[in-house]
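Chemist: The following file, run-v6.txt, comprises compact mmCIF, C-alpha atoms and all ligand atoms:
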```txt
# COMPACT_ATOMS: atom_id res chain seq x y z
CA MET A 1 -180.47 49.09 118.46
CA HIS A 2 -182.83 50.42 121.10
CA ALA A 3 -180.42 52.84 122.76
CA ARG A 4 -182.08 56.06 123.72
CA PRO A 5 -180.10 59.08 122.53
CA ARG A 6 -180.13 62.22 124.66
CA THR A 7 -182.25 64.03 122.10
CA LEU A 8 -184.92 61.38 122.52
CA ARG A 9 -184.98 61.86 126.28
CA ARG A 10 -185.23 65.63 125.84
CA ALA A 11 -188.02 65.16 123.36
CA GLY A 12 -189.77 62.85 125.82
CA ARG A 13 -189.92 65.63 128.42
CA ALA A 14 -191.23 68.14 125.91
CA VAL A 15 -193.81 65.65 124.76
CA ARG A 16 -195.16 65.03 128.26
CA ALA A 17 -195.65 68.79 128.67
CA LEU A 18 -197.41 68.91 125.33
CA VAL A 19 -199.78 66.11 126.28
CA LEU A 20 -200.71 67.87 129.50
CA ALA A 21 -201.38 71.05 127.54
CA MET A 22 -203.49 69.31 124.94
CA THR A 23 -206.25 67.27 126.47
CA VAL A 24 -208.60 68.17 123.65
CA ALA A 25 -207.89 64.98 121.75
CA GLY A 26 -211.08 63.35 122.88
CA SER A 27 -213.43 66.02 121.57
CA ALA A 28 -216.35 65.08 119.41
CA SER A 29 -216.04 64.75 115.67
CA THR A 30 -215.55 68.12 114.05
CA ALA A 31 -218.01 69.11 111.40
CA PRO A 32 -216.30 69.86 108.13
CA SER A 33 -216.53 73.44 106.97
CA SER A 34 -216.54 74.91 103.53
CA ILE A 35 -213.34 76.85 104.16
CA ALA A 36 -210.68 75.51 101.85
CA ALA A 37 -207.44 74.21 103.30
CA PRO A 38 -204.76 76.86 103.05
CA SER A 39 -202.52 76.48 100.08
CA GLY A 40 -198.99 77.75 100.01
CA ALA A 41 -195.93 76.95 97.96
CA PRO A 42 -195.53 73.19 98.24
CA SER A 43 -191.91 72.17 98.37
CA ASP A 44 -192.70 69.31 95.99
CA ALA A 45 -194.46 71.46 93.40
CA THR A 46 -192.04 70.41 90.70
CA ALA A 47 -192.54 66.70 91.28
CA PRO A 48 -193.09 64.98 87.96
CA SER A 49 -196.69 64.08 87.22
CA ALA A 50 -197.88 60.84 85.73
CA SER A 51 -199.42 62.70 82.84
CA GLY A 52 -196.12 64.48 82.23
CA GLY A 53 -194.42 61.17 81.58
CA ALA A 54 -190.79 62.27 81.42
CA ALA A 55 -188.63 62.04 84.52
CA ALA A 56 -187.30 65.25 85.96
CA SER A 57 -183.54 65.53 86.00
CA THR A 58 -181.84 65.27 89.36
CA ALA A 59 -181.04 68.98 89.25
CA ALA A 60 -184.67 69.89 88.65
CA ARG A 61 -186.02 67.70 91.43
CA ALA A 62 -187.54 69.42 94.40
CA GLN A 63 -186.21 69.22 97.94
CA PRO A 64 -187.31 65.86 99.42
CA VAL A 65 -190.43 65.99 101.57
CA VAL A 66 -190.53 64.78 105.16
CA ILE A 67 -193.65 62.74 105.91
CA ALA A 68 -194.47 62.26 109.60
CA HIS A 69 -195.38 58.56 109.71
CA ARG A 70 -198.55 58.28 111.84
CA GLY A 71 -197.51 61.68 113.25
CA ALA A 72 -194.36 62.11 115.32
CA SER A 73 -194.91 58.49 116.32
CA GLY A 74 -191.37 58.09 117.61
CA TYR A 75 -192.37 60.39 120.48
CA LEU A 76 -196.12 60.00 121.07
CA PRO A 77 -198.70 57.24 120.48
CA GLU A 78 -199.31 56.92 116.75
CA HIS A 79 -202.26 58.66 115.10
CA THR A 80 -203.25 60.70 118.13
CA LEU A 81 -203.91 64.39 117.59
CA VAL A 82 -201.02 65.25 119.92
CA ALA A 83 -198.66 63.13 117.79
CA LYS A 84 -199.82 65.11 114.75
CA SER A 85 -199.46 68.44 116.59
CA TYR A 86 -195.94 67.55 117.59
CA ALA A 87 -195.05 66.53 114.02
CA HIS A 88 -196.44 69.84 112.80
CA ALA A 89 -194.40 71.73 115.40
CA LEU A 90 -191.25 69.84 114.42
CA GLY A 91 -191.75 71.05 110.86
CA ALA A 92 -192.82 67.95 108.93
CA ASP A 93 -193.98 68.70 105.38
CA TYR A 94 -196.76 66.09 105.48
CA LEU A 95 -198.68 64.39 108.29
CA GLU A 96 -199.78 60.83 107.55
CA GLN A 97 -203.30 59.49 108.18
CA ASP A 98 -204.22 55.81 107.91
CA VAL A 99 -207.98 55.51 107.60
CA VAL A 100 -210.42 52.74 108.50
CA LEU A 101 -214.20 52.91 108.85
CA THR A 102 -216.33 52.51 111.97
CA LYS A 103 -219.62 50.59 112.13
CA ASP A 104 -221.47 53.87 111.43
CA GLU A 105 -219.09 54.64 108.52
CA VAL A 106 -217.10 57.41 110.17
CA PRO A 107 -213.59 57.44 108.68
CA VAL A 108 -211.19 57.32 111.64
CA VAL A 109 -207.43 57.77 111.71
CA PHE A 110 -206.15 54.39 112.83
CA HIS A 111 -203.58 51.98 111.43
CA ASP A 112 -204.96 48.52 112.15
CA LEU A 113 -208.27 46.85 111.42
CA GLU A 114 -208.09 45.52 114.99
CA LEU A 115 -208.00 47.69 118.11
CA GLU A 116 -205.97 45.84 120.69
CA ALA A 117 -202.35 46.73 119.79
CA VAL A 118 -202.76 50.45 120.58
CA THR A 119 -205.87 50.80 122.79
CA ASP A 120 -207.35 49.51 126.04
CA VAL A 121 -210.29 47.87 124.24
CA GLU A 122 -209.84 44.56 126.12
CA GLN A 123 -210.62 46.35 129.40
CA VAL A 124 -213.36 48.68 128.12
CA TYR A 125 -215.28 46.20 125.95
CA PRO A 126 -214.28 42.72 127.19
CA ASP A 127 -217.26 41.05 125.50
CA ARG A 128 -216.93 42.58 122.04
CA ARG A 129 -214.22 40.38 120.54
CA ARG A 130 -214.91 38.26 117.49
CA ALA A 131 -214.50 34.49 117.44
CA ASP A 132 -211.00 35.00 116.03
CA GLY A 133 -209.98 36.75 119.26
CA HIS A 134 -209.76 40.29 117.83
CA TRP A 135 -211.70 43.49 118.45
CA TYR A 136 -212.38 45.21 115.11
CA VAL A 137 -212.79 48.95 114.55
CA ILE A 138 -215.62 48.18 112.15
CA ASP A 139 -217.67 46.52 114.91
CA PHE A 140 -217.81 49.74 116.96
CA SER A 141 -219.57 53.05 116.43
CA TYR A 142 -217.51 56.22 116.45
CA ALA A 143 -219.09 57.19 119.80
CA GLU A 144 -218.13 53.83 121.30
CA LEU A 145 -214.53 54.20 120.12
CA GLN A 146 -214.27 57.53 121.96
CA ARG A 147 -214.28 55.62 125.27
CA LEU A 148 -210.94 54.02 124.39
CA SER A 149 -207.55 55.37 125.43
CA VAL A 150 -204.80 55.13 122.82
CA HIS A 151 -201.37 54.02 123.98
CA GLU A 152 -198.03 53.14 122.41
CA ARG A 153 -198.03 50.14 120.06
CA VAL A 154 -197.47 46.84 121.85
CA GLN A 155 -196.72 43.38 120.54
CA PRO A 156 -199.70 41.05 120.38
CA GLY A 157 -199.60 38.39 123.06
CA THR A 158 -196.77 39.71 125.21
CA GLY A 159 -197.97 43.32 125.52
CA ALA A 160 -194.33 44.44 125.31
CA PRO A 161 -193.72 47.76 123.53
CA ALA A 162 -193.23 47.32 119.79
CA CYS A 163 -190.41 49.89 120.05
CA ALA A 164 -188.79 50.05 123.47
CA GLY A 165 -187.85 53.46 124.83
CA ARG A 166 -190.77 55.39 123.38
CA PHE A 167 -193.79 56.93 125.15
CA HIS A 168 -194.95 54.61 127.93
CA GLU A 169 -197.67 56.61 129.69
CA ARG A 170 -201.08 54.92 129.90
CA GLY A 171 -204.61 56.07 130.58
CA LEU A 172 -204.28 59.55 129.07
CA PRO A 173 -207.24 61.07 127.22
CA LEU A 174 -205.69 60.26 123.85
CA ARG A 175 -208.60 59.31 121.59
CA ILE A 176 -209.01 57.85 118.11
CA PRO A 177 -209.64 60.90 115.90
CA SER A 178 -212.04 61.01 113.01
CA LEU A 179 -210.47 62.01 109.70
CA ALA A 180 -212.53 65.22 109.87
CA ASP A 181 -211.16 65.99 113.36
CA GLU A 182 -207.66 65.59 112.09
CA LEU A 183 -208.11 67.63 108.91
CA ALA A 184 -209.65 70.41 110.99
CA GLN A 185 -206.66 70.32 113.33
CA VAL A 186 -204.22 70.51 110.40
CA ARG A 187 -206.14 73.48 109.00
CA GLY A 188 -206.07 75.19 112.39
CA LEU A 189 -202.38 74.55 112.97
CA ASN A 190 -201.48 75.72 109.48
CA ALA A 191 -203.41 78.94 109.98
CA ALA A 192 -201.98 79.58 113.45
CA ALA A 193 -198.39 78.67 112.57
CA GLY A 194 -198.37 80.32 109.17
CA ARG A 195 -197.14 77.23 107.40
CA ASP A 196 -198.67 74.67 105.11
CA ALA A 197 -198.20 71.10 106.26
CA GLY A 198 -199.93 68.68 103.92
CA VAL A 199 -201.86 65.49 104.54
CA TYR A 200 -200.95 62.02 103.30
CA VAL A 201 -203.95 59.73 103.60
CA GLU A 202 -203.89 55.95 103.28
CA VAL A 203 -207.05 53.96 102.59
CA LYS A 204 -206.48 50.75 104.58
CA SER A 205 -207.54 47.34 103.26
CA PRO A 206 -210.28 48.49 100.85
CA ALA A 207 -211.07 44.95 99.68
CA TRP A 208 -211.55 43.82 103.29
CA HIS A 209 -213.82 46.82 103.95
CA ARG A 210 -215.90 45.97 100.89
CA ALA A 211 -216.24 42.37 102.07
CA GLN A 212 -217.72 43.91 105.25
CA GLY A 213 -220.15 45.95 103.15
CA LYS A 214 -218.34 49.31 103.23
CA ASP A 215 -216.55 51.49 100.66
CA PRO A 216 -213.81 53.51 102.36
CA SER A 217 -212.31 55.26 99.31
CA ALA A 218 -215.45 57.16 98.35
CA ILE A 219 -215.89 58.33 101.95
CA VAL A 220 -212.23 59.35 102.32
CA LEU A 221 -212.20 61.32 99.05
CA ARG A 222 -215.47 63.05 99.97
CA THR A 223 -214.08 64.04 103.37
CA LEU A 224 -210.89 65.38 101.79
CA ALA A 225 -212.94 67.41 99.29
CA GLU A 226 -214.96 68.91 102.15
CA PHE A 227 -211.69 70.27 103.53
CA GLY A 228 -210.59 71.68 100.20
CA TYR A 229 -208.31 68.85 99.07
CA ARG A 230 -209.48 68.29 95.51
CA ASP A 231 -206.69 68.25 92.92
CA ARG A 232 -202.99 67.79 92.37
CA THR A 233 -202.15 71.38 93.30
CA ASP A 234 -203.45 70.72 96.84
CA ARG A 235 -201.12 69.68 99.66
CA ALA A 236 -202.39 66.11 99.77
CA TYR A 237 -201.48 62.61 98.69
CA VAL A 238 -203.72 59.56 98.79
CA GLN A 239 -201.90 56.24 99.18
CA CYS A 240 -202.98 52.62 99.02
CA PHE A 241 -201.38 49.18 98.80
CA ASP A 242 -204.18 47.96 96.54
CA PHE A 243 -203.42 48.61 92.85
CA ASP A 244 -207.01 48.07 91.68
CA GLU A 245 -208.29 50.49 94.29
CA LEU A 246 -206.00 53.30 93.09
CA VAL A 247 -207.13 52.68 89.51
CA GLN A 248 -210.72 52.89 90.70
CA MET A 249 -210.06 56.12 92.60
CA ARG A 250 -208.70 57.70 89.43
CA THR A 251 -211.14 56.28 86.89
CA GLU A 252 -214.47 55.69 88.66
CA LEU A 253 -214.28 58.03 91.64
CA LYS A 254 -212.47 60.51 89.36
CA THR A 255 -210.19 62.00 91.99
CA GLU A 256 -207.62 64.51 90.76
CA LEU A 257 -205.53 64.27 93.93
CA LYS A 258 -201.96 62.96 93.79
CA LEU A 259 -202.01 59.17 94.21
CA VAL A 260 -199.24 56.97 95.59
CA GLN A 261 -198.98 53.22 95.04
CA LEU A 262 -197.59 51.61 98.18
CA ILE A 263 -195.34 48.65 97.48
CA GLY A 264 -194.93 45.82 99.95
CA GLU A 265 -193.81 42.23 99.82
CA ASN A 266 -196.22 39.70 98.36
CA ALA A 267 -195.70 37.59 101.51
CA TRP A 268 -197.31 40.32 103.67
CA ALA A 269 -200.67 39.70 101.95
CA GLU A 270 -201.61 43.39 102.20
CA SER A 271 -203.81 43.03 99.13
CA SER A 272 -204.08 40.84 96.04
CA THR A 273 -201.63 43.17 94.23
CA ASP A 274 -198.46 41.55 92.82
CA TYR A 275 -195.73 43.82 94.21
CA GLU A 276 -192.92 41.88 92.55
CA ARG A 277 -194.41 42.85 89.22
CA LEU A 278 -195.03 46.49 90.20
CA ARG A 279 -191.32 46.88 90.93
CA THR A 280 -190.37 46.01 87.35
CA ARG A 281 -190.03 48.74 84.71
CA GLU A 282 -193.19 47.53 83.04
CA GLY A 283 -195.05 47.48 86.35
CA LEU A 284 -193.90 51.01 87.19
CA ARG A 285 -195.06 52.28 83.81
CA GLU A 286 -198.43 50.73 84.53
CA VAL A 287 -198.55 52.44 87.94
CA ALA A 288 -197.70 55.77 86.28
CA ARG A 289 -200.85 55.61 84.14
CA HIS A 290 -202.98 56.55 87.15
CA ALA A 291 -200.59 57.36 90.03
CA ASP A 292 -198.02 60.06 90.75
CA GLY A 293 -195.64 58.15 92.96
CA ILE A 294 -194.69 54.96 94.75
CA GLY A 295 -194.17 54.24 98.43
CA PRO A 296 -191.77 51.30 98.57
CA TRP A 297 -190.20 49.67 101.62
CA ILE A 298 -186.76 51.17 102.34
CA LEU A 299 -185.24 47.73 101.68
CA HIS A 300 -186.65 47.84 98.14
CA VAL A 301 -184.33 50.82 97.56
CA VAL A 302 -181.21 50.07 99.58
CA THR A 303 -179.82 47.29 101.75
CA TRP A 304 -176.66 46.76 103.74
CA PRO A 305 -175.72 43.23 102.71
CA ASN A 306 -172.46 43.13 104.65
CA GLY A 307 -172.66 44.14 108.29
CA GLY A 308 -171.75 47.81 108.59
CA GLY A 309 -170.34 47.90 105.08
CA ALA A 310 -171.31 49.71 101.92
CA PRO A 311 -174.97 50.06 100.93
CA ALA A 312 -176.27 48.20 97.88
CA PHE A 313 -178.84 49.99 95.73
CA THR A 314 -181.58 48.57 93.55
CA ASP A 315 -182.70 50.21 90.29
CA LEU A 316 -186.11 51.02 91.72
CA VAL A 317 -185.67 54.79 92.19
CA ARG A 318 -184.09 55.24 88.77
CA ASP A 319 -186.79 53.15 87.08
CA ALA A 320 -189.59 54.92 88.94
CA HIS A 321 -188.19 58.33 88.01
CA ALA A 322 -187.92 57.20 84.39
CA ALA A 323 -191.63 56.35 84.55
CA GLY A 324 -192.38 59.84 85.94
CA LEU A 325 -193.09 58.69 89.49
CA VAL A 326 -191.86 60.24 92.72
CA VAL A 327 -190.49 57.82 95.34
CA HIS A 328 -191.38 58.11 99.04
CA PRO A 329 -190.04 55.05 100.93
CA TYR A 330 -191.20 53.92 104.39
CA THR A 331 -190.26 53.94 107.30
CA LEU A 332 -187.28 55.58 108.93
CA ARG A 333 -187.04 54.58 112.58
CA VAL A 334 -184.08 55.75 114.63
CA ASP A 335 -184.67 52.84 117.02
CA GLN A 336 -185.22 50.16 114.32
CA LEU A 337 -182.70 50.67 111.56
CA PRO A 338 -182.59 48.47 108.44
CA PRO A 339 -180.58 45.28 109.07
CA ASN A 340 -176.82 45.93 109.21
CA ALA A 341 -177.19 49.69 108.61
CA PRO A 342 -174.38 51.33 110.59
CA ASP A 343 -176.40 54.31 111.89
CA VAL A 344 -179.32 56.58 111.11
CA ASP A 345 -177.16 59.14 109.30
CA ALA A 346 -175.97 56.44 106.91
CA VAL A 347 -179.57 55.53 106.12
CA HIS A 348 -180.54 59.15 105.45
CA ARG A 349 -177.43 59.70 103.28
CA ALA A 350 -178.06 56.54 101.28
CA LEU A 351 -181.68 57.44 100.60
CA PHE A 352 -181.36 61.17 99.95
CA ASP A 353 -177.82 61.61 98.59
CA ARG A 354 -177.25 58.34 96.76
CA ALA A 355 -180.65 56.88 95.81
CA GLY A 356 -182.26 60.28 95.24
CA VAL A 357 -185.64 59.61 96.83
CA ASP A 358 -188.22 62.42 96.76
CA GLY A 359 -189.44 62.03 100.31
CA LEU A 360 -189.37 59.73 103.31
CA PHE A 361 -191.88 58.40 105.82
CA THR A 362 -190.30 58.84 109.22
CA ASP A 363 -191.30 58.22 112.84
CA PHE A 364 -188.77 60.93 113.77
CA PRO A 365 -189.45 63.98 111.56
CA ASP A 366 -186.93 66.14 113.45
CA ARG A 367 -184.11 63.71 112.72
CA THR A 368 -184.99 63.47 109.04
CA LEU A 369 -185.33 67.26 108.71
CA ARG A 370 -181.92 67.66 110.34
CA ALA A 371 -180.42 65.13 107.92
CA LEU A 372 -181.67 67.37 105.11
CA GLY A 373 -180.09 70.44 106.71
CA ARG A 374 -183.46 71.91 107.62
CA CA B 401 -199.61 54.07 106.38
```
Give the structure from the file, written as structure tokens.
Modeler:
Amino acid sequence: MHARPRTLRRAGRAVRALVLAMTVAGSASTAPSSIAAPSGAPSDATAPSASGGAAASTAARAQPVVIAHRGASGYLPEHTLVAKSYAHALGADYLEQDVVLTKDEVPVVFHDLELEAVTDVEQVYPDRRRADGHWYVIDFSYAELQRLSVHERVQPGTGAPACAGRFHERGLPLRIPSLADELAQVRGLNAAAGRDAGVYVEVKSPAWHRAQGKDPSAIVLRTLAEFGYRDRTDRAYVQCFDFDELVQMRTELKTELKLVQLIGENAWAESSTDYERLRTREGLREVARHADGIGPWILHVVTWPNGGGAPAFTDLVRDAHAAGLVVHPYTLRVDQLPPNAPDVDAVHRALFDRAGVDGLFTDFPDRTLRALGR
């Protein structure tokens, strides 16, 4: 399961060179400019819209989009600017940003509410943990966070890598970027490379943020607008696990950006949303009133019930398409395949060729692009 293919080792060497070349990750927050993000011909331009209602036929559907999950996180520490640069260089269509707020309300690109799984916060700020034993992003100013070094994800308690065989280097100047830093980098890379990678922003735990006195969605949407991401023709998606929050973004905050309802398992307690219900036809129709797509777990689409045997498909993709929603499942990991899946090619074939998904979150954008013949 954790074997390290030759391509991974090659990529590892390239990545180390890239990190040495790019020690700019710790630079100060970049001021947004009024220059609009470049817009090109999005490969998902024909994706059905919620307002359109009718599902596009398979023939009319656009080429699936490849979404670099937390950047090229299979090769570099997640959500660092180098991981995003590498994903851009590999050719990903979208770069994903998870966003949480700092104490001084700077939106930063970071997956967890707590800092310890991917930073050296225990060493840098030993006295800043809460009574529950965690160090929270929201308890630190943006300037304070810049003293932390980001490393590969480790398991709480043991400190063992969450995915063995990935990027092990420690102590590099890999910083937590602000959302503005990252959007500026995407704009710069798009201009320099002559391509148009999009952004795919997740508002993390909005209800939790509000309980701490902060409103992340308004800040995220404002930051996106400052970089020219304003409506559904722009190369941007906004995603959230919280159903009520997406409704609020559409109705009260009045965003015209493409919205994606993430779908988890109720047992994960990601939000108070009932994901069982959202996966029904009625639930999907309700999602389609304000959103453009869903981001389900891969196992909500396909499973391999018998070791190494044939895949078993749910009706989720068909039902979502019937409701006018695109489907972008998460997360393809070459080194952590779905249970019993025979190999990564089988997973790609099942999702793209059989289930007909419209995109895929992947830690390994190069592998997913190759599976699509790109
Ligand atoms: Ca995410």
Chemist: Nearest residue to ligand CA 401 (chain B) out of A:Ile219, A:Val201, A:Leu179, A:Val260, using only C-alpha atoms and all ligand atoms?
Modeler: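 Of the candidates, the smallest distance to ligand CA 401 (chain B) is held by A:Val201.
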Chemist: Can you work out which residues are within 9 Å of ligand CA 401 (chain B), considering only C-alpha atoms and all ligand atoms, and then hand them over as a ChimeraX atom specification?
Modeler: /A:69-70,96-99,111,200-204,239-240,262,330,361
Chemist: Write out as a VMD selection string which residues come within 8 Å of range 276-279 of chain A when counting only C-alpha atoms, dropping same-chain ones fewer than 3 positions away.
Modeler: chain A and resid 263 265 to 266 282 to 284 286 to 287 316
Chemist: Select, from A:Gly324, A:Gly198, A:Pro339, A:Gly157, the residue with the minimum atom-to-atom distance to Ala291 in chain A, counting all atoms listed in the file.
Modeler: A:Gly324
Chemist: Using only C-alpha atoms, which of the listed residues (A:Lys103, A:Arg128, A:Arg210, A:His348) sits closest to Ala143 in chain A?
Modeler: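 Closest to Ala143 in chain A of all the choices is A:Lys103.
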Chemist: Figure out the distance between CA of Ala197 in chain A and CA of Leu95 in chain A, please, to one decimal in Å.
Modeler: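 Separation of CA of Leu95 in chain A and CA of Ala197 in chain A: 7.0 Å.
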Chemist: Let me make sure I understand: among A:Arg367, A:Arg147, A:Arg222, A:Arg318, which one has the smallest atom-to-atom distance to Gly171 in chain A if we use all atoms listed in the file?
Modeler: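 Looking only at the distances to Gly171 in chain A, the closest residue turns out to be A:Arg147.
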Chemist: Of the candidates A:Leu101, A:Ala89, A:Val109, A:Leu360, which one gets nearest to Ile298 in chain A if we count all atoms listed in the file?
Modeler: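 For Ile298 in chain A, the nearest of the given residues is A:Leu360.
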Chemist: Would you mind telling me which residue in A:Thr314, A:Gln123, A:Ser85, A:Thr368 lies nearest to Leu189 in chain A when using all atoms listed in the file?
Modeler: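 Checking each candidate against Leu189 in chain A, we get A:Ser85 as the closest.
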Chemist: One decimal, Å: what's the distance from CA of Glu114 in chain A over to CA of Ile138 in chain A, could you say?
Modeler: 8.5 Å
Chemist: With only C-alpha atoms as the counted atoms, please give the residues lying no more than 12 Å from Phe352 in chain A, apart from itself and same-chain residues fewer than 6 positions off, as a PyMOL selection string.
Modeler: chain A and resi 58+61-66+298+301-302+317+327-329+345-346+358-360+368-369+371-373
